[in-house]
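Below is the file upload-v2.txt, which contains compact mmCIF, C-alpha atoms and all ligand atoms.
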# COMPACT_ATOMS: atom_id res chain seq x y z
CA MET Q 1 22.86 -16.11 18.33
CA ALA Q 2 25.36 -15.15 21.03
CA LEU Q 3 24.41 -16.47 24.46
CA GLU Q 4 25.13 -13.08 26.02
CA PHE Q 5 22.60 -11.42 23.71
CA LEU Q 6 19.88 -13.97 24.57
CA ASN Q 7 20.61 -13.66 28.28
CA LYS Q 8 20.19 -9.90 28.06
CA LEU Q 9 16.95 -10.33 26.13
CA ARG Q 10 15.53 -12.71 28.75
CA SER Q 11 16.66 -10.55 31.65
CA ALA Q 12 15.08 -7.45 30.09
CA THR Q 13 18.39 -5.61 29.75
CA PRO Q 14 18.38 -2.85 27.11
CA GLN Q 15 20.46 -3.57 24.02
CA LEU Q 16 20.81 -2.99 20.30
CA TRP Q 17 20.42 -5.74 17.71
CA VAL Q 18 21.78 -5.07 14.23
CA ASN Q 19 20.07 -7.05 11.45
CA PRO Q 20 22.54 -9.32 9.66
CA GLN Q 21 19.98 -9.98 6.90
CA ARG Q 22 19.53 -6.36 5.88
CA GLY Q 23 19.78 -5.94 2.13
CA LEU Q 24 20.05 -9.66 1.50
CA LEU Q 25 18.02 -10.99 -1.43
CA LEU Q 26 15.74 -8.00 -1.62
CA GLU Q 27 16.45 -6.86 -5.15
CA ASP Q 28 17.22 -10.31 -6.60
CA ASN Q 29 14.35 -12.55 -5.75
CA PRO Q 30 10.77 -11.63 -6.65
CA ALA Q 31 9.56 -14.12 -4.04
CA ASP Q 32 11.02 -11.84 -1.39
CA GLN Q 33 9.14 -8.80 -2.58
CA PRO Q 34 6.14 -7.81 -0.47
CA PRO Q 35 2.68 -8.36 -1.95
CA PHE Q 36 2.22 -4.71 -2.90
CA LEU Q 37 3.77 -2.00 -5.00
CA ARG Q 38 5.23 1.44 -4.62
CA THR Q 39 2.26 2.83 -6.57
CA GLU Q 40 0.01 1.83 -3.65
CA MET Q 41 1.90 4.22 -1.38
CA GLN Q 42 1.12 7.06 -3.81
CA ALA Q 43 -2.50 5.82 -4.04
CA ALA Q 44 -2.81 6.14 -0.27
CA ARG Q 45 -1.53 9.67 -0.41
CA ASP Q 46 -3.94 10.52 -3.25
CA ARG Q 47 -6.79 9.17 -1.13
CA PHE Q 48 -5.81 11.46 1.77
CA ASN Q 49 -5.76 14.37 -0.69
CA ARG Q 50 -9.21 13.53 -2.11
CA PHE Q 51 -10.68 13.47 1.38
CA ALA Q 52 -8.89 16.59 2.66
CA PRO Q 53 -11.78 19.02 1.99
CA LEU Q 54 -14.20 16.70 3.81
CA LEU Q 55 -11.82 16.26 6.76
CA ALA Q 56 -11.39 20.03 7.05
CA GLN Q 57 -15.16 20.32 7.23
CA LEU Q 58 -15.59 17.55 9.83
CA PHE Q 59 -12.76 18.68 12.14
CA PRO Q 60 -12.31 22.40 12.86
CA GLU Q 61 -8.72 21.73 13.98
CA LEU Q 62 -7.90 20.77 10.38
CA ALA Q 63 -9.07 24.07 8.88
CA ALA Q 64 -5.58 25.60 9.02
CA SER Q 65 -3.98 22.64 7.19
CA GLU Q 66 -6.93 22.42 4.74
CA GLY Q 67 -7.61 18.86 5.85
CA ARG Q 68 -4.06 17.58 5.60
CA ILE Q 69 -2.99 15.17 8.35
CA GLU Q 70 0.73 15.84 8.58
CA SER Q 71 3.42 16.70 11.10
CA ASP Q 72 6.50 18.93 11.15
CA LEU Q 73 10.09 17.82 10.76
CA LEU Q 74 11.90 19.78 13.47
CA PRO Q 75 15.62 20.40 13.88
CA ALA Q 76 16.47 19.42 17.46
CA PRO Q 77 19.84 20.90 18.44
CA ALA Q 78 19.01 21.19 22.15
CA MET Q 79 17.85 17.56 22.25
CA GLN Q 80 21.01 16.54 20.43
CA ARG Q 81 23.09 18.18 23.16
CA ALA Q 82 20.94 16.64 25.89
CA LEU Q 83 21.38 13.17 24.36
CA CYS Q 84 25.16 13.74 24.05
CA ILE Q 85 25.30 13.19 20.29
CA PRO Q 86 28.33 15.16 19.08
CA ALA Q 87 28.20 16.98 15.74
CA HIS Q 88 30.66 14.52 14.19
CA HIS Q 89 27.90 11.89 14.49
CA GLY Q 90 25.53 13.96 12.35
CA ARG Q 91 22.43 16.03 12.99
CA LEU Q 92 19.29 15.25 15.02
CA TRP Q 93 15.70 15.86 13.87
CA ILE Q 94 12.30 15.12 15.32
CA LYS Q 95 9.42 13.94 13.16
CA ALA Q 96 6.61 15.28 15.29
CA ASP Q 97 3.77 12.78 14.88
CA HIS Q 98 2.94 13.31 18.57
CA SER Q 99 1.19 16.43 17.31
CA LEU Q 100 -0.75 14.86 14.44
CA PRO Q 101 -4.14 16.56 14.57
CA VAL Q 102 -7.43 14.91 15.62
CA ALA Q 103 -5.90 11.62 16.84
CA GLY Q 104 -2.69 12.87 18.48
CA SER Q 105 -0.58 9.94 17.32
CA ILE Q 106 1.06 8.14 14.41
CA LYS Q 107 -2.01 5.90 14.32
CA ALA Q 108 -3.88 8.65 12.49
CA ARG Q 109 -1.88 7.75 9.39
CA GLY Q 110 -2.87 4.11 8.99
CA GLY Q 111 -6.13 4.29 10.92
CA PHE Q 112 -7.56 7.22 9.01
CA HIS Q 113 -6.46 5.73 5.73
CA GLU Q 114 -8.35 2.49 6.29
CA VAL Q 115 -11.54 4.27 7.42
CA LEU Q 116 -11.38 6.55 4.38
CA GLU Q 117 -10.83 3.58 2.07
CA VAL Q 118 -13.88 1.80 3.50
CA ALA Q 119 -16.00 4.97 3.26
CA GLU Q 120 -14.91 5.62 -0.31
CA ARG Q 121 -15.64 2.06 -1.43
CA LEU Q 122 -19.08 2.08 0.20
CA ALA Q 123 -19.89 5.49 -1.23
CA ILE Q 124 -18.96 4.34 -4.75
CA VAL Q 125 -20.95 1.08 -4.67
CA THR Q 126 -24.02 2.84 -3.29
CA GLY Q 127 -23.86 5.63 -5.90
CA GLN Q 128 -22.90 8.40 -3.47
CA LEU Q 129 -19.63 9.12 -5.26
CA HIS Q 130 -19.04 9.50 -9.00
CA PRO Q 131 -15.97 10.78 -10.84
CA GLY Q 132 -15.70 14.48 -10.04
CA THR Q 133 -18.03 14.43 -7.01
CA ASP Q 134 -17.07 16.85 -4.25
CA TYR Q 135 -16.13 14.59 -1.33
CA ARG Q 136 -17.80 17.02 1.08
CA SER Q 137 -21.09 15.50 -0.13
CA LEU Q 138 -20.22 12.54 2.11
CA ALA Q 139 -21.15 14.72 5.08
CA LEU Q 140 -24.73 15.07 3.75
CA PRO Q 141 -27.66 12.92 5.00
CA PRO Q 142 -27.84 10.40 2.07
CA ALA Q 143 -24.20 9.32 2.49
CA ARG Q 144 -24.43 9.38 6.28
CA ALA Q 145 -27.49 7.14 6.11
CA VAL Q 146 -25.43 4.59 4.17
CA PHE Q 147 -22.54 4.77 6.65
CA ALA Q 148 -24.91 4.49 9.62
CA ARG Q 149 -25.93 1.01 8.50
CA HIS Q 150 -22.31 -0.16 8.75
CA GLN Q 151 -19.99 -0.74 11.64
CA ILE Q 152 -16.24 -0.21 11.80
CA ALA Q 153 -14.51 -2.10 14.60
CA VAL Q 154 -10.92 -2.41 15.78
CA GLY Q 155 -8.84 -3.98 18.56
CA SER Q 156 -6.35 -1.59 20.13
CA THR Q 157 -4.07 -0.73 23.03
CA GLY Q 158 -5.45 2.80 22.73
CA ASN Q 159 -4.14 5.01 19.98
CA LEU Q 160 -5.30 3.04 16.95
CA GLY Q 161 -8.73 2.89 18.54
CA MET Q 162 -8.67 6.65 19.03
CA ALA Q 163 -7.87 7.25 15.37
CA ILE Q 164 -10.36 4.74 13.95
CA GLY Q 165 -13.11 5.47 16.45
CA VAL Q 166 -13.03 9.24 16.16
CA LEU Q 167 -13.02 9.33 12.35
CA ALA Q 168 -15.52 6.49 11.87
CA ALA Q 169 -17.96 8.15 14.30
CA ALA Q 170 -17.49 11.56 12.65
CA LEU Q 171 -18.43 10.06 9.28
CA GLY Q 172 -21.54 8.50 10.79
CA PHE Q 173 -20.46 4.85 11.07
CA ARG Q 174 -21.21 2.78 14.13
CA ALA Q 175 -17.77 2.63 15.70
CA VAL Q 176 -16.64 -0.06 18.15
CA VAL Q 177 -13.21 -0.20 19.77
CA HIS Q 178 -12.02 -3.33 21.60
CA MET Q 179 -9.50 -2.13 24.18
CA SER Q 180 -6.84 -4.30 25.78
CA THR Q 181 -6.18 -4.20 29.50
CA GLU Q 182 -3.35 -1.62 29.36
CA ALA Q 183 -5.43 1.00 27.51
CA LYS Q 184 -5.48 4.26 29.45
CA GLU Q 185 -8.75 5.42 31.01
CA TRP Q 186 -8.61 8.87 29.40
CA LYS Q 187 -8.46 7.32 25.94
CA LYS Q 188 -11.60 5.28 26.65
CA GLN Q 189 -13.40 8.35 28.00
CA ARG Q 190 -12.45 10.46 25.00
CA LEU Q 191 -13.85 7.83 22.65
CA ARG Q 192 -17.10 7.46 24.57
CA GLN Q 193 -17.56 11.23 24.48
CA ARG Q 194 -17.37 11.04 20.69
CA GLY Q 195 -20.08 8.38 20.48
CA VAL Q 196 -17.78 5.38 20.10
CA GLU Q 197 -18.67 2.08 21.79
CA VAL Q 198 -15.70 0.92 23.89
CA VAL Q 199 -15.51 -2.80 24.74
CA GLU Q 200 -13.08 -3.42 27.60
CA HIS Q 201 -11.14 -6.68 27.48
CA THR Q 202 -9.32 -8.08 30.49
CA GLY Q 203 -6.62 -9.67 28.31
CA ASP Q 204 -3.65 -8.33 26.39
CA TYR Q 205 -3.61 -6.69 22.98
CA GLU Q 206 -3.59 -10.01 21.11
CA GLN Q 207 -6.71 -11.15 22.98
CA ALA Q 208 -8.50 -7.83 22.38
CA VAL Q 209 -7.84 -8.11 18.65
CA ALA Q 210 -8.95 -11.76 18.57
CA GLY Q 211 -12.14 -10.91 20.50
CA GLY Q 212 -12.99 -8.04 18.19
CA ARG Q 213 -12.25 -10.09 15.08
CA THR Q 214 -14.57 -12.91 16.16
CA LEU Q 215 -17.46 -10.54 16.91
CA ALA Q 216 -16.94 -8.71 13.62
CA LEU Q 217 -17.05 -11.93 11.61
CA ALA Q 218 -20.60 -12.52 12.85
CA ASP Q 219 -21.81 -9.22 11.38
CA PRO Q 220 -21.75 -8.90 7.55
CA LEU Q 221 -22.08 -5.13 7.83
CA CYS Q 222 -19.02 -4.82 10.04
CA HIS Q 223 -15.57 -3.96 8.77
CA PHE Q 224 -12.87 -5.05 11.20
CA VAL Q 225 -9.61 -3.11 11.01
CA ASP Q 226 -7.06 -5.84 11.60
CA ASP Q 227 -3.88 -4.32 13.00
CA GLU Q 228 -2.06 -7.65 12.64
CA ARG Q 229 -2.83 -8.11 8.93
CA SER Q 230 -4.17 -4.99 7.23
CA LEU Q 231 -2.62 -3.77 3.98
CA SER Q 232 -4.71 -0.61 4.05
CA LEU Q 233 -3.26 0.42 7.42
CA PHE Q 234 0.21 -0.40 6.15
CA MET Q 235 -0.18 1.77 3.06
CA GLY Q 236 -1.58 4.66 5.09
CA TYR Q 237 1.57 4.61 7.23
CA SER Q 238 3.83 4.26 4.20
CA ALA Q 239 2.54 7.53 2.71
CA ALA Q 240 4.41 9.36 5.50
CA ALA Q 241 7.60 8.54 3.63
CA LEU Q 242 6.54 10.68 0.66
CA HIS Q 243 5.97 13.66 2.91
CA LEU Q 244 9.24 13.18 4.82
CA HIS Q 245 11.04 13.06 1.47
CA GLU Q 246 9.60 16.47 0.58
CA GLN Q 247 10.41 17.87 4.01
CA LEU Q 248 14.03 16.77 3.76
CA GLN Q 249 14.31 18.33 0.32
CA ALA Q 250 12.76 21.56 1.58
CA GLN Q 251 15.38 21.64 4.38
CA GLY Q 252 18.19 20.98 1.89
CA VAL Q 253 19.00 17.60 3.47
CA ALA Q 254 20.67 15.14 1.10
CA VAL Q 255 20.29 11.39 1.50
CA ASP Q 256 23.11 9.43 -0.12
CA ALA Q 257 26.13 7.26 0.71
CA THR Q 258 27.84 10.01 2.73
CA HIS Q 259 24.57 11.36 4.17
CA PRO Q 260 22.73 8.32 5.53
CA LEU Q 261 19.25 8.85 6.92
CA ILE Q 262 18.89 7.03 10.23
CA VAL Q 263 15.31 6.74 11.49
CA TYR Q 264 14.16 5.62 14.96
CA LEU Q 265 10.58 4.35 15.21
CA PRO Q 266 8.73 3.06 18.29
CA CYS Q 267 7.27 -0.38 17.56
CA GLY Q 268 4.21 -2.16 18.94
CA VAL Q 269 2.68 -4.76 16.63
CA GLY Q 270 4.90 -3.30 13.91
CA GLY Q 271 2.41 -2.00 11.33
CA ALA Q 272 3.16 1.70 11.75
CA PRO Q 273 6.95 1.54 11.85
CA ALA Q 274 7.11 -1.13 9.13
CA GLY Q 275 4.81 0.83 6.82
CA ILE Q 276 6.98 3.92 7.20
CA ALA Q 277 10.26 2.00 6.95
CA TRP Q 278 9.07 0.20 3.83
CA GLY Q 279 8.00 3.52 2.26
CA LEU Q 280 11.36 5.12 3.10
CA HIS Q 281 13.17 2.14 1.69
CA GLN Q 282 11.25 2.54 -1.59
CA LEU Q 283 12.42 6.15 -1.80
CA PHE Q 284 15.97 6.03 -0.41
CA GLY Q 285 17.04 2.39 -0.84
CA ALA Q 286 20.27 1.45 0.91
CA HIS Q 287 20.81 5.00 2.21
CA VAL Q 288 18.04 4.82 4.80
CA HIS Q 289 18.51 2.82 8.00
CA CYS Q 290 15.41 2.22 10.13
CA PHE Q 291 15.73 1.07 13.72
CA PHE Q 292 12.70 0.02 15.77
CA ALA Q 293 12.42 0.80 19.51
CA GLU Q 294 10.69 -1.64 21.87
CA PRO Q 295 10.20 -1.89 25.65
CA VAL Q 296 12.49 -4.46 27.29
CA GLN Q 297 9.42 -6.48 28.42
CA SER Q 298 7.65 -6.33 25.01
CA PRO Q 299 10.27 -6.79 22.27
CA CYS Q 300 7.87 -8.69 20.00
CA PHE Q 301 9.44 -7.52 16.76
CA LEU Q 302 12.93 -8.38 17.94
CA VAL Q 303 11.98 -11.93 18.93
CA ASN Q 304 10.29 -12.36 15.57
CA MET Q 305 13.40 -11.17 13.71
CA LEU Q 306 15.54 -13.62 15.69
CA ALA Q 307 13.29 -16.58 14.84
CA PRO Q 308 13.21 -18.45 11.51
CA ASP Q 309 11.07 -16.79 8.81
CA GLY Q 310 7.42 -17.83 9.00
CA THR Q 311 7.45 -18.59 12.73
CA SER Q 312 5.75 -16.21 15.08
CA PRO Q 313 7.14 -16.29 18.62
CA SER Q 314 5.75 -14.20 21.45
CA VAL Q 315 7.62 -12.33 24.19
CA TYR Q 316 6.10 -14.75 26.73
CA ASP Q 317 8.17 -17.54 25.12
CA PHE Q 318 11.25 -15.68 26.39
CA GLY Q 319 9.94 -15.39 29.94
CA LEU Q 320 9.05 -11.72 29.50
CA THR Q 321 5.91 -10.14 30.94
CA ASN Q 322 4.68 -7.69 28.27
CA GLN Q 323 4.19 -5.23 31.16
CA THR Q 324 5.18 -1.68 30.27
CA GLU Q 325 3.96 1.88 30.75
CA ALA Q 326 4.38 2.34 27.01
CA ASP Q 327 0.77 1.27 26.39
CA GLY Q 328 1.05 1.61 22.59
CA LEU Q 329 3.98 -0.79 22.52
CA ALA Q 330 2.59 -3.44 24.91
CA VAL Q 331 2.19 -6.14 22.26
CA PRO Q 332 3.28 -9.77 22.78
CA ARG Q 333 3.48 -10.91 19.13
CA ALA Q 334 4.46 -8.97 16.00
CA SER Q 335 2.29 -8.56 12.91
CA PRO Q 336 3.25 -11.35 10.49
CA LEU Q 337 2.78 -8.94 7.58
CA ALA Q 338 5.08 -6.29 9.07
CA ALA Q 339 7.67 -8.88 10.12
CA SER Q 340 7.91 -10.53 6.71
CA VAL Q 341 8.31 -7.18 4.94
CA MET Q 342 10.97 -5.98 7.39
CA ARG Q 343 13.15 -9.09 7.48
CA THR Q 344 15.64 -7.80 4.89
CA VAL Q 345 14.85 -4.07 5.22
CA LEU Q 346 15.16 -3.35 8.94
CA ALA Q 347 18.53 -2.01 10.16
CA GLY Q 348 17.97 -3.16 13.74
CA VAL Q 349 15.97 -3.07 16.96
CA PHE Q 350 16.87 -1.60 20.36
CA THR Q 351 15.12 -2.15 23.65
CA VAL Q 352 14.31 0.43 26.31
CA GLU Q 353 13.52 0.25 30.04
CA ASP Q 354 10.42 2.06 31.31
CA GLN Q 355 12.50 4.37 33.50
CA THR Q 356 14.38 5.54 30.39
CA LEU Q 357 11.05 6.22 28.70
CA PHE Q 358 10.09 8.60 31.51
CA ASP Q 359 13.50 10.25 31.56
CA HIS Q 360 13.38 10.69 27.81
CA LEU Q 361 9.79 11.93 27.88
CA ALA Q 362 10.99 14.82 30.02
CA LEU Q 363 13.79 15.69 27.55
CA PRO Q 364 11.75 16.89 24.55
CA LEU Q 365 9.77 19.10 26.91
CA ALA Q 366 12.82 20.63 28.51
CA ALA Q 367 14.86 20.87 25.30
CA GLU Q 368 12.28 21.68 22.62
CA GLY Q 369 8.96 22.27 24.43
CA LEU Q 370 7.42 19.07 22.99
CA ARG Q 371 4.94 16.88 24.84
CA VAL Q 372 5.18 13.18 24.13
CA GLU Q 373 3.79 10.05 25.79
CA PRO Q 374 5.93 7.12 27.07
CA SER Q 375 5.55 5.03 23.88
CA ALA Q 376 6.63 8.00 21.82
CA ALA Q 377 9.78 8.55 23.87
CA ALA Q 378 11.09 5.08 23.01
CA GLY Q 379 12.97 6.23 19.92
CA LEU Q 380 15.16 8.67 21.83
CA SER Q 381 17.62 5.99 22.97
CA GLY Q 382 18.40 5.15 19.35
CA PRO Q 383 20.97 7.81 18.45
CA GLY Q 384 23.02 6.89 21.56
CA HIS Q 385 23.13 3.19 20.55
CA VAL Q 386 24.13 4.11 17.01
CA ARG Q 387 26.80 6.49 18.31
CA ASP Q 388 28.20 3.81 20.65
CA ARG Q 389 28.46 1.26 17.83
CA ALA Q 390 30.07 3.87 15.55
CA LEU Q 391 27.30 3.35 12.97
CA SER Q 392 26.90 7.07 12.22
CA CYS Q 393 29.10 9.64 10.47
CA PRO Q 394 29.36 13.46 10.24
CA GLY Q 395 26.94 13.61 7.28
CA ALA Q 396 24.25 11.46 8.96
CA ASN Q 397 20.78 12.78 9.69
CA HIS Q 398 19.06 11.09 12.62
CA VAL Q 399 15.26 11.31 12.66
CA VAL Q 400 13.58 10.38 15.94
CA TRP Q 401 9.89 9.75 15.30
CA THR Q 402 7.86 10.98 18.29
CA THR Q 403 4.67 9.03 17.78
CA GLY Q 404 2.08 10.34 20.22
CA GLY Q 405 1.29 12.59 23.14
CA SER Q 406 -0.26 15.93 22.28
CA LEU Q 407 -3.71 14.84 23.50
CA VAL Q 408 -2.56 13.37 26.83
CA PRO Q 409 -4.49 15.20 29.59
CA HIS Q 410 -2.45 17.53 31.75
CA ALA Q 411 -2.78 15.49 34.97
CA GLN Q 412 -1.72 12.27 33.27
CA TYR Q 413 1.22 14.00 31.61
CA GLN Q 414 2.32 15.49 34.91
CA MET Q 415 2.28 11.97 36.42
CA TYR Q 416 4.63 10.83 33.66
CA LEU Q 417 6.97 13.77 34.31
CA ASP Q 418 6.96 13.01 38.02
CA ARG Q 419 8.44 9.61 37.22
CA ALA Q 420 11.43 11.08 35.40
CA ALA Q 421 14.66 10.77 37.40
CA LYS Q 422 15.40 14.47 37.07
CA ARG Q 423 12.01 16.07 37.48
CA PRO Q 424 11.39 19.12 35.31
CA PRO Q 425 9.24 21.86 36.84
CA SER Q 426 5.47 21.51 36.73
CA THR Q 427 4.13 22.27 33.24
CA PRO Q 428 1.44 24.80 32.28
CA GLN Q 429 -1.88 23.35 30.99
C1 LIG Q 501 2.30 6.28 20.43
C2 LIG Q 501 2.54 5.02 19.66
N1 LIG Q 501 3.72 4.85 19.07
C3 LIG Q 501 4.00 3.74 18.36
C4 LIG Q 501 3.06 2.73 18.21
C5 LIG Q 501 3.44 1.50 17.46
O1 LIG Q 501 2.68 1.22 16.32
P1 LIG Q 501 2.48 -0.28 15.88
O2 LIG Q 501 1.65 -0.95 16.93
O3 LIG Q 501 1.79 -0.22 14.57
O4 LIG Q 501 3.83 -0.86 15.81
C6 LIG Q 501 1.81 2.87 18.83
C7 LIG Q 501 0.78 1.84 18.72
O5 LIG Q 501 -0.31 1.96 19.18
C8 LIG Q 501 1.54 4.05 19.57
O6 LIG Q 501 0.37 4.23 20.19

Mind turning the file's structure into structure tokens?
Ligand SMILES: Cc1ncc(COP(=O)(O)O)c(C=O)c1O
Amino acid sequence: MALEFLNKLRSATPQLWVNPQRGLLLEDNPADQPPFLRTEMQAARDRFNRFAPLLAQLFPELAASEGRIESDLLPAPAMQRALCIPAHHGRLWIKADHSLPVAGSIKARGGFHEVLEVAERLAIVTGQLHPGTDYRSLALPPARAVFARHQIAVGSTGNLGMAIGVLAAALGFRAVVHMSTEAKEWKKQRLRQRGVEVVEHTGDYEQAVAGGRTLALADPLCHFVDDERSLSLFMGYSAAALHLHEQLQAQGVAVDATHPLIVYLPCGVGGAPAGIAWGLHQLFGAHVHCFFAEPVQSPCFLVNMLAPDGTSPSVYDFGLTNQTEADGLAVPRASPLAASVMRTVLAGVFTVEDQTLFDHLALPLAAEGLRVEPSAAAGLSGPGHVRDRALSCPGANHVVWTTGGSLVPHAQYQMYLDRAAKRPPSTPQ
């Protein structure tokens, strides 16, 4: 590893790392294959479809989509101009997970999937569900009485807790969210209003997860959603790839050797971006290039990728603080599951300063009228890095995944905008 690169990492200077191991071994050696199959991605999607009528009944905001939890793929020409990406570097798109209904973030994908899987399993073993049963029966008192005896718990920096807590409580489970110190107050309040128990931890994300896991182990009727290890979360995220594939086809976008798909995903512990990147890799193989975006003080996935396989360094080992306004990305150590799957799949990682997050948060609003939170703005630096390294081409399609923000309260959002270098005018509620 070049000394200059390590010095920049330690001094929290933004940079791009390109993965030299990408594509190595993957197809040749079964030992390098992840412990799951492409069919499980489709199974996750089928599960979402089975539950859609019930979700539409539980959440009025899902009536229009008939219970589907999905986001738009938006062409972003004004953003492309604002980011100075010329047309000969390809075309810019936004995958608008900041507007995912009910949870307002990418965490709805994995989080909802795991809650639905738990509910389905419990409903089957207790005789509430049989082949052909209308899933809306799970909103009736007999099923709710079963769910009420069980607890679903999770450790979170905020958004995963919002997704898990809101859905678990709506189904009738006892829902407990262990929040790390950086979790925003409004997220805690929103959960409490929905009947979720919020446990506030004074430590970082890793400590909140460990605390929640220990408490959950003591309760046989508690299911702990383990963001550092869960396959169910991973598969829920991966199903996004199937939908993006359809959206690209519907827009007439080809993905092949002359039309690479370049995807920029904000990364915290790594489960969400790795699930999506793995799913995309299943569908597009070598023609998709996924880059993860991390705060300069919390590049946990990058430090994992730099270390030998099987080791699990933390950002503190590099003298970094894990302090960032991107609360969803404030994670000191990457998920071992996500890291092992990504080692030969990931195209690279770039790091972002907090000030850039605020500047970039203001851009989607000014250019496309989109409201994102700091974590979700992290991907916007990606196309510039790729342009500067000449990694793109005229046929490329760049997809920036905006991962959260539509539920941020007006006052909080205005505070974010105020921190942008070029302040846009005050926004309407
Ligand atoms: C808005 C947002 N984007 C991205 C992420 C990253 O997801 P993961 O922690 O699975 O890497 C998070 C995590 O909470 C988030 O809240």

What are the closest atom pairs, with distances in Å to one decimal, for each residue of chain Q lying within 8 Å of ligand LIG 501 (chain Q), using all atoms listed in the file, rows by chain and rising residue number, as CSV?
residue,atom,partner,partner_atom,distance
Q:His98,CA,Q:LIG501,C1,7.3
Q:Ser105,CA,Q:LIG501,C1,5.6
Q:Ile106,CA,Q:LIG501,C2,6.3
Q:Lys107,CA,Q:LIG501,O5,6.5
Q:Ser156,CA,Q:LIG501,O5,7.1
Q:Thr157,CA,Q:LIG501,O5,6.0
Q:Gly158,CA,Q:LIG501,O5,6.3
Q:Asn159,CA,Q:LIG501,O6,4.6
Q:Leu160,CA,Q:LIG501,O5,5.6
Q:Asp227,CA,Q:LIG501,O3,7.2
Q:Leu265,CA,Q:LIG501,C3,7.3
Q:Pro266,CA,Q:LIG501,C3,4.8
Q:Cys267,CA,Q:LIG501,O4,3.9
Q:Gly268,CA,Q:LIG501,O4,3.4
Q:Val269,CA,Q:LIG501,O2,4.0
Q:Gly270,CA,Q:LIG501,O4,3.3
Q:Gly271,CA,Q:LIG501,O3,3.7
Q:Ala272,CA,Q:LIG501,O3,3.7
Q:Pro273,CA,Q:LIG501,O4,5.6
Q:Ala274,CA,Q:LIG501,O4,7.4
Q:Ala326,CA,Q:LIG501,C1,7.9
Q:Asp327,CA,Q:LIG501,O6,6.9
Q:Gly328,CA,Q:LIG501,O6,3.6
Q:Leu329,CA,Q:LIG501,C5,5.6
Q:Val331,CA,Q:LIG501,O2,7.5
Q:Glu373,CA,Q:LIG501,C1,6.7
Q:Pro374,CA,Q:LIG501,C1,7.6
Q:Ser375,CA,Q:LIG501,C1,4.9
Q:Ala376,CA,Q:LIG501,C1,4.9
Q:Thr402,CA,Q:LIG501,N1,7.4
Q:Thr403,CA,Q:LIG501,N1,4.5
Q:Gly404,CA,Q:LIG501,C1,4.1
Q:Gly405,CA,Q:LIG501,C1,6.9

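Taking only C-alpha atoms, the non-local environment of stretch 82-88 of chain Q within 9 Å (same-chain residues fewer than 5 positions away omitted) comprises Pro77, Leu363, Ala367, Leu380, Ser381, Pro383, Gly384, Arg387, Ser392, Cys393, Pro394, Gly395 and Ala396 of chain Q.
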
- Task: Find the residues around Q:Ser180 up to 7 Å (all atoms listed in the file counted), leave out those fewer than 2 positions away in its own chain, and share them as a list of chain:residue names.
- Result: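 The residues satisfying every condition are Q:Ser156, Q:Thr157, Q:His178, Q:Glu182, Q:Ala183, Q:Glu200, Q:His201, Q:Thr202, Q:Gly203, Q:Asp204, Q:Tyr205, Q:Ala208.
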
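Proximity to Q:Glu120 was assessed for Q:Arg333, Q:Phe48, Q:Ala421, Q:Leu92 counting all atoms listed in the file; the smallest distance is recorded for Q:Phe48.
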
- Item | Nearby residues (all atoms listed in the file) at most 9 Å from Q:Phe350, same-chain spacing under 4 positions excluded, as a PyMOL selection string | chain Q and resi 14-18+291-296+299+302+379+381-382+385

Where atoms are missing, can you supply N, CA, C and O atoms for stretch 222-228 of chain Q and output the lot as a compact mmCIF listing (two decimals), keeping the file's coordinate frame?
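Dumped to rebuild-v4.txt:
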# COMPACT_ATOMS: atom_id res chain seq x y z
N CYS Q 222 -20.11 -5.34 9.21
CA CYS Q 222 -19.02 -4.82 10.04
C CYS Q 222 -17.69 -4.96 9.31
O CYS Q 222 -17.36 -6.03 8.81
N HIS Q 223 -16.94 -3.88 9.28
CA HIS Q 223 -15.57 -3.96 8.77
C HIS Q 223 -14.63 -3.94 9.96
O HIS Q 223 -14.62 -2.99 10.75
N PHE Q 224 -13.81 -4.99 10.09
CA PHE Q 224 -12.87 -5.05 11.20
C PHE Q 224 -11.49 -4.61 10.72
O PHE Q 224 -10.94 -5.17 9.76
N VAL Q 225 -10.95 -3.60 11.36
CA VAL Q 225 -9.61 -3.11 11.01
C VAL Q 225 -8.60 -4.00 11.76
O VAL Q 225 -8.52 -3.95 12.98
N ASP Q 226 -7.89 -4.82 10.99
CA ASP Q 226 -7.06 -5.84 11.60
C ASP Q 226 -5.60 -5.39 11.65
O ASP Q 226 -4.86 -5.52 10.68
N ASP Q 227 -5.21 -4.89 12.81
CA ASP Q 227 -3.88 -4.32 13.00
C ASP Q 227 -2.78 -5.35 12.75
O ASP Q 227 -1.63 -4.98 12.51
N GLU Q 228 -3.09 -6.63 12.83
CA GLU Q 228 -2.06 -7.65 12.64
C GLU Q 228 -1.90 -8.04 11.18
O GLU Q 228 -0.95 -8.72 10.82
